[in-house]
Every structure is written in structure tokens, then in C-alpha cells.
Amino acid sequence: MRGIKILGGNSSKNLLKEICNYLSVENVNCVVDKFADGEIRVQILESIRGNNVFIVQSTNPPSDNLMELLLIIDAVKRASANEIISVIPYFGYARQDRKDAPRVPISAKLVSDLIQTAGATRVLTVDLHAEQIQGFFNIPVDNLYAIPIFREYLIKKFGDLNSDEFVIVSPDAGGTRRARLFAKKFGELPIALIDKRRPSPNQAEIMNVIGDVRNKVAIIVDDIIDTGKTITYASRALLEKGAKKVIVCATHGLFSSNSKELLENSDIEEIIITNTIEGNNSRIPKNSKIISIAPLLGEAIKRIHNSQSVSSLFI
């Protein structure tokens, strides 16, 4: 592919290589490390003038990942790139997308402003925690869904999924649209909903299962696994309502706190995540399966570079 350059920081090194392999291109030679005092140092070691430059970098904690992205964007801008596309597999700081309490920031808006001010001309991301974050930008934002990647894996595992044996479950009311899209990809599978109450941040109490899950394989669909409490309680409630077994599909596996122990001791048969977040292998539960998001991002990058439609990749 001519006129394209791909590089990244330290948060998505392996994913960057997979995307480059998919596109049959070499990643740009650059340095992203630290000065002696701990400040981040960025230097691009080859010409990128006049090219469309794609920067692959998730912004999950620590905050160095976000800072690396901003500095790389600035370096690319000053190197006279044509277009600067920030490819952010996991868009961090997305949970505070509105002022829902006194004296709190709207972190997602602040991060959006920083990325634009640094010089990005487009953003490509996967499963934003809140889709309205796209409106915080004044540049094009392509929010892909990982549904096609999960669909391919589940068909290989189970064959065709039919409505008599499978049900798609949203772990909360906010995820209903995602569950509907997921169910539609399999030919209108039935949907169930977990009605929960969250007494405080990172705490979830499951109240009720809405929908018929008896004698069916329940597939919980979510965007993020953090502490693991939500899907653990959800799986327990589903099994109590007669589900045969529970499988989880979640795009971003953060696995914070003691989630590994909690999920390994849960009744969840398999947790399927993508590789949008790296460097946390020691925290990933043994009953997890990681599938690559690289083909989806690689195809989107190719279409953006060639000025082709990306909308067919949204679902």
C-alpha cells in the first residue's frame, strides 16, 4: 500500500505488528521511551512527509499511554504528515461522559479535546463505552463493533446458533442496543436482560433476569470487564433461572482488582475477549480466550486510506 505509514507507542505493540502483517506493510521505525527523569521521549526515525499516518495506541491506564499518544500525534504533525488517524483500540477515560454528580470532570470530553488539539484529523476506535463520545469530537470518528470477530469465533465453536438453544444477554439496560446488534448478526436470536442496581462505583447487585433463558446457552455481551463482579453475579442469576451454561463476550479485558480469582471461581464456562489491551497477561483468568481484533482494524485502516466506506464494518 502506497502513501500509508503505521506506527504506535508501547501500549499496543503486538496489535500493531498484527495489523501491519494484515496490511503487508512495515511499521514506522520510531523511538518511544523515557528520559532519565521519567518524561516520555518520542522520535520518528524515517520520513513520513505527505503520507496518511495511522497511530495505533490504546489509552488504558497508566496515563503514560495517553501521553504517548498525544506526543506521537504532535511529532507526526510536525513531520508534515497528510492525515493523522488515531487508532485507539481501547479508548480510556470514557466512563465519565457526563456530569452525573457535583464537582466531577467530564473526562471523555477532556481527552477528546486533547487528541484533537494535538493534531489528529480522524479517530478509529472499538466499542466506545458510551457512543455519544463521538459527539465530543469535531473530526470524523469511526466506532467499530467487535461483533463480527466474536461471531466468527462462536460459529467455529458451536456451528450455527439457533433460537432454541442460545440467548443473548445484556448485563444491564445500557447494553441492550449492543445485545440487539449481536443477536441480529446470528439471525435474530432471543434477548434477555439483567436488571441490576449499582449501589456504588465498581459494585453491582443483580436483581432479576428479564427474558427466557431456561435450557439455553446464555451469551453475555459487554464492552468492558473491569472487576468482573457484574458478569459473575449475572452468570449466577442466569444459572439460577435455568440456563444450561454461560459464556461471556467482552471487547476490552481490563481485569482489575481481584477479578482473576473471582472469575476463575465463577460458573462462567468461557470468557472471550479481544486483544485491545496488552500487558495484563498475569491478570487474565484461566477460563479466558483472547481473539485478535487486528483483521477488523486492519480492514478499516485500508478502507480509510483508500477513501472507501467503513460503515459496513460497524456491525
# chains A, B, ... in the order shown; residues from 1 in each chain; ligands from 1
call {"tool": "closest_atom_pairs", "arguments": {"of": "stretch 87-132 of chain A", "to": "stretch 42-57 of chain A", "cutoff": "7 Å", "atoms": "only C-alpha atoms", "output": "JSON lines"}}
result
{"residue": "A:Val87", "atom": "CA", "partner": "A:Val56", "partner_atom": "CA", "distance": 4.7}
{"residue": "A:Ile88", "atom": "CA", "partner": "A:Gln57", "partner_atom": "CA", "distance": 5.3}
{"residue": "A:Pro89", "atom": "CA", "partner": "A:Gln57", "partner_atom": "CA", "distance": 6.9}
call {"tool": "write_last_selection", "arguments": {"atoms": "all heavy atoms", "output": "PDB file, in the first residue's frame"}}
result
ATOM      1  N   VAL A  87      -5.651   5.514  15.904  1.00  0.00           N
ATOM      2  CA  VAL A  87      -6.322   4.218  16.032  1.00  0.00           C
ATOM      3  C   VAL A  87      -6.231   3.829  17.506  1.00  0.00           C
ATOM      4  O   VAL A  87      -5.173   3.443  17.994  1.00  0.00           O
ATOM      5  CB  VAL A  87      -5.666   3.157  15.137  1.00  0.00           C
ATOM      6  CG1 VAL A  87      -6.402   1.832  15.256  1.00  0.00           C
ATOM      7  CG2 VAL A  87      -5.632   3.621  13.689  1.00  0.00           C
ATOM      8  N   ILE A  88      -7.346   3.948  18.217  1.00  0.00           N
ATOM      9  CA  ILE A  88      -7.368   3.743  19.669  1.00  0.00           C
ATOM     10  C   ILE A  88      -8.225   2.512  19.957  1.00  0.00           C
ATOM     11  O   ILE A  88      -9.448   2.614  20.123  1.00  0.00           O
ATOM     12  CB  ILE A  88      -7.928   4.988  20.387  1.00  0.00           C
ATOM     13  CG1 ILE A  88      -7.210   6.246  19.906  1.00  0.00           C
ATOM     14  CG2 ILE A  88      -7.793   4.840  21.896  1.00  0.00           C
ATOM     15  CD1 ILE A  88      -7.785   7.540  20.453  1.00  0.00           C
ATOM     16  N   PRO A  89      -7.620   1.322  19.987  1.00  0.00           N
ATOM     17  CA  PRO A  89      -8.417   0.105  20.204  1.00  0.00           C
ATOM     18  C   PRO A  89      -9.260   0.161  21.471  1.00  0.00           C
ATOM     19  O   PRO A  89     -10.433  -0.217  21.462  1.00  0.00           O
ATOM     20  CB  PRO A  89      -7.343  -0.989  20.284  1.00  0.00           C
ATOM     21  CG  PRO A  89      -6.187  -0.439  19.505  1.00  0.00           C
ATOM     22  CD  PRO A  89      -6.194   1.024  19.766  1.00  0.00           C
TER      23      PRO A  89
END
call {"tool": "select_by_dssp", "arguments": {"residues": "stretch 49-167 of chain A", "states": "strand (DSSP E or B)", "output": "PDB file with C-alpha atoms, in the first residue's frame"}}
result
ATOM      1  CA  ASN A  52      -1.532   9.147   5.735  1.00  0.00           C
ATOM      2  CA  VAL A  53      -0.249   8.170   9.174  1.00  0.00           C
ATOM      3  CA  PHE A  54      -2.115   5.744  11.448  1.00  0.00           C
ATOM      4  CA  ILE A  55      -1.087   5.738  15.124  1.00  0.00           C
ATOM      5  CA  VAL A  56      -2.084   2.559  16.995  1.00  0.00           C
ATOM      6  CA  GLU A  83      -3.685  12.857   7.509  1.00  0.00           C
ATOM      7  CA  ILE A  84      -3.199  11.772  11.133  1.00  0.00           C
ATOM      8  CA  ILE A  85      -5.539   8.975  12.178  1.00  0.00           C
ATOM      9  CA  SER A  86      -5.504   7.933  15.832  1.00  0.00           C
ATOM     10  CA  VAL A  87      -6.322   4.218  16.032  1.00  0.00           C
ATOM     11  CA  ILE A  88      -7.368   3.743  19.669  1.00  0.00           C
ATOM     12  CA  ARG A 122      -9.611  11.307  12.460  1.00  0.00           C
ATOM     13  CA  VAL A 123     -10.189   8.713  15.200  1.00  0.00           C
ATOM     14  CA  LEU A 124     -10.764   4.975  14.772  1.00  0.00           C
ATOM     15  CA  THR A 125     -11.771   3.046  17.877  1.00  0.00           C
ATOM     16  CA  VAL A 126     -13.585  -0.106  19.014  1.00  0.00           C
ATOM     17  CA  VAL A 141     -14.856   9.202  14.490  1.00  0.00           C
ATOM     18  CA  ASP A 142     -15.339   5.585  13.409  1.00  0.00           C
ATOM     19  CA  ASN A 143     -16.575   3.444  16.289  1.00  0.00           C
ATOM     20  CA  LEU A 144     -16.282  -0.213  15.247  1.00  0.00           C
ATOM     21  CA  PHE A 166     -28.992 -19.855  22.586  1.00  0.00           C
ATOM     22  CA  VAL A 167     -29.926 -16.495  24.080  1.00  0.00           C
TER      23      VAL A 167
END
call {"tool": "closest_residue", "arguments": {"among": "A:Leu181, A:Leu70, A:Leu254, A:Thr121", "to": "A:Gly279", "atoms": "only C-alpha atoms"}}
result
A:Leu254
call {"tool": "select_by_dssp", "arguments": {"residues": "stretch 195-307 of chain A", "states": "alpha helix (DSSP H)", "output": "compact mmCIF listing (two decimals) with N, CA and C atoms, in the first residue's frame"}}
result
# COMPACT_ATOMS: atom_id res chain seq x y z
N LYS A 229 -17.26 -8.30 38.68
CA LYS A 229 -18.39 -8.56 39.57
C LYS A 229 -19.71 -8.63 38.79
N THR A 230 -19.87 -7.72 37.84
CA THR A 230 -21.13 -7.69 37.09
C THR A 230 -21.40 -9.01 36.38
N ILE A 231 -20.42 -9.52 35.63
CA ILE A 231 -20.68 -10.76 34.88
C ILE A 231 -20.71 -11.97 35.80
N THR A 232 -20.00 -11.92 36.92
CA THR A 232 -20.06 -13.03 37.88
C THR A 232 -21.45 -13.15 38.48
N TYR A 233 -22.01 -12.02 38.94
CA TYR A 233 -23.35 -12.03 39.51
C TYR A 233 -24.39 -12.34 38.43
N ALA A 234 -24.15 -11.84 37.22
CA ALA A 234 -25.09 -12.10 36.12
C ALA A 234 -25.13 -13.59 35.80
N SER A 235 -23.97 -14.23 35.73
CA SER A 235 -23.93 -15.66 35.41
C SER A 235 -24.63 -16.48 36.48
N ARG A 236 -24.46 -16.08 37.72
CA ARG A 236 -25.13 -16.79 38.82
C ARG A 236 -26.64 -16.68 38.68
N ALA A 237 -27.11 -15.47 38.38
CA ALA A 237 -28.56 -15.27 38.22
C ALA A 237 -29.11 -16.06 37.04
N LEU A 238 -28.35 -16.12 35.94
CA LEU A 238 -28.80 -16.85 34.75
C LEU A 238 -28.90 -18.34 35.02
N LEU A 239 -27.92 -18.88 35.72
CA LEU A 239 -27.94 -20.32 36.03
C LEU A 239 -29.07 -20.65 37.00
N GLU A 240 -29.34 -19.73 37.92
CA GLU A 240 -30.46 -19.94 38.84
C GLU A 240 -31.80 -19.94 38.11
N SER A 259 -10.15 -9.57 40.14
CA SER A 259 -11.08 -10.14 39.16
C SER A 259 -10.65 -11.53 38.70
N LYS A 260 -9.35 -11.78 38.60
CA LYS A 260 -8.88 -13.08 38.13
C LYS A 260 -9.39 -14.20 39.01
N GLU A 261 -9.20 -14.07 40.31
CA GLU A 261 -9.65 -15.10 41.24
C GLU A 261 -11.17 -15.22 41.22
N LEU A 262 -11.85 -14.08 41.18
CA LEU A 262 -13.31 -14.09 41.18
C LEU A 262 -13.86 -14.82 39.96
N LEU A 263 -13.31 -14.53 38.79
CA LEU A 263 -13.83 -15.11 37.55
C LEU A 263 -13.43 -16.58 37.38
N GLU A 264 -12.24 -16.93 37.84
CA GLU A 264 -11.83 -18.34 37.77
C GLU A 264 -12.68 -19.22 38.66
N ALA A 294 -7.17 -7.46 15.16
CA ALA A 294 -6.34 -6.92 14.08
C ALA A 294 -7.01 -6.96 12.70
N PRO A 295 -7.67 -8.06 12.30
CA PRO A 295 -8.31 -8.06 10.97
C PRO A 295 -9.36 -6.97 10.81
N LEU A 296 -10.13 -6.73 11.87
CA LEU A 296 -11.16 -5.69 11.80
C LEU A 296 -10.54 -4.30 11.68
N LEU A 297 -9.54 -4.02 12.51
CA LEU A 297 -8.88 -2.71 12.45
C LEU A 297 -8.08 -2.56 11.16
N GLY A 298 -7.43 -3.64 10.74
CA GLY A 298 -6.66 -3.59 9.51
C GLY A 298 -7.53 -3.28 8.30
N GLU A 299 -8.70 -3.91 8.23
CA GLU A 299 -9.62 -3.65 7.12
C GLU A 299 -10.13 -2.22 7.16
N ALA A 300 -10.43 -1.72 8.37
CA ALA A 300 -10.89 -0.33 8.49
C ALA A 300 -9.81 0.65 8.07
N ILE A 301 -8.57 0.38 8.47
CA ILE A 301 -7.45 1.25 8.08
C ILE A 301 -7.30 1.27 6.56
N LYS A 302 -7.39 0.11 5.93
CA LYS A 302 -7.26 0.02 4.47
C LYS A 302 -8.36 0.83 3.78
N ARG A 303 -9.58 0.72 4.29
CA ARG A 303 -10.69 1.44 3.66
C ARG A 303 -10.58 2.94 3.86
N ILE A 304 -10.16 3.36 5.05
CA ILE A 304 -9.98 4.79 5.29
C ILE A 304 -8.89 5.35 4.38
N HIS A 305 -7.80 4.63 4.27
CA HIS A 305 -6.69 5.08 3.43
C HIS A 305 -7.10 5.19 1.97
call {"tool": "closest_residue", "arguments": {"among": "A:Ile6, A:Ala183, A:Ile72, A:Ile291", "to": "A:Val31", "atoms": "only C-alpha atoms"}}
result
A:Ile72
call {"tool": "residues_around", "arguments": {"residues": "A:Glu165", "least_positions_apart": "5", "cutoff": "10 Å", "atoms": "only C-alpha atoms", "output": "tab-separated table (two decimals) with N, CA, C and O atoms, in the first residue's frame"}}
result
chain	number	residue	atom	x	y	z
A	189	LEU	N	-31.52	-13.90	17.25
A	189	LEU	CA	-31.59	-14.73	18.46
A	189	LEU	C	-32.38	-13.99	19.53
A	189	LEU	O	-32.43	-12.76	19.53
A	190	PRO	N	-32.99	-14.72	20.47
A	190	PRO	CA	-33.72	-14.04	21.55
A	190	PRO	C	-32.76	-13.29	22.48
A	190	PRO	O	-31.56	-13.60	22.54
A	213	VAL	N	-34.41	-17.84	29.66
A	213	VAL	CA	-33.08	-18.42	29.47
A	213	VAL	C	-33.05	-19.91	29.81
A	213	VAL	O	-31.99	-20.54	29.70
A	214	ARG	N	-34.16	-20.46	30.18
A	214	ARG	CA	-34.20	-21.85	30.64
A	214	ARG	C	-33.75	-22.81	29.53
A	214	ARG	O	-34.20	-22.72	28.40
A	215	ASN	N	-32.83	-23.71	29.89
A	215	ASN	CA	-32.30	-24.74	29.00
A	215	ASN	C	-31.60	-24.17	27.76
A	215	ASN	O	-31.56	-24.81	26.71
A	216	LYS	N	-31.06	-22.97	27.90
A	216	LYS	CA	-30.34	-22.34	26.80
A	216	LYS	C	-28.92	-21.96	27.21
A	216	LYS	O	-28.64	-21.79	28.41
A	217	VAL	N	-28.05	-21.86	26.22
A	217	VAL	CA	-26.71	-21.33	26.45
A	217	VAL	C	-26.82	-19.81	26.45
A	217	VAL	O	-27.22	-19.21	25.45
A	218	ALA	N	-26.49	-19.19	27.57
A	218	ALA	CA	-26.59	-17.74	27.70
A	218	ALA	C	-25.26	-17.10	27.34
A	218	ALA	O	-24.22	-17.43	27.93
A	243	ALA	N	-30.49	-21.50	32.95
A	243	ALA	CA	-29.58	-21.53	31.80
A	243	ALA	C	-28.66	-22.74	31.88
A	243	ALA	O	-28.23	-23.13	32.97
A	244	LYS	N	-28.37	-23.37	30.73
A	244	LYS	CA	-27.51	-24.56	30.72
A	244	LYS	C	-26.07	-24.20	31.06
A	244	LYS	O	-25.40	-24.90	31.81
call {"tool": "atom_distance", "arguments": {"atom1": "atom CA of A:Asp127", "atom2": "atom CA of A:Ala250"}}
result
9.7 Å
call {"tool": "residues_around", "arguments": {"residues": "A:Asp74", "least_positions_apart": "2", "cutoff": "10 Å", "atoms": "only C-alpha atoms", "output": "list in words"}}
result
Val42, Glu68, Leu69, Leu70, Leu71, Ile72, Val76, Lys77, Arg78, Ala79, Ile84, Ile115, Thr117, Ala118, Gly119 and Ala120 of chain A
call {"tool": "residues_around", "arguments": {"residues": "A:Gly211", "least_positions_apart": "3", "cutoff": "8 Å", "atoms": "only C-alpha atoms", "output": "ChimeraX atom specification"}}
result
/A:191-193
call {"tool": "closest_residue", "arguments": {"among": "A:Glu269, A:Glu188, A:Asp222, A:Asp212", "to": "A:His129", "atoms": "only C-alpha atoms"}}
result
A:Asp222
call {"tool": "atom_distance", "arguments": {"atom1": "atom CA of A:Leu154", "atom2": "atom CA of A:Asp226"}}
result
22.7 Å
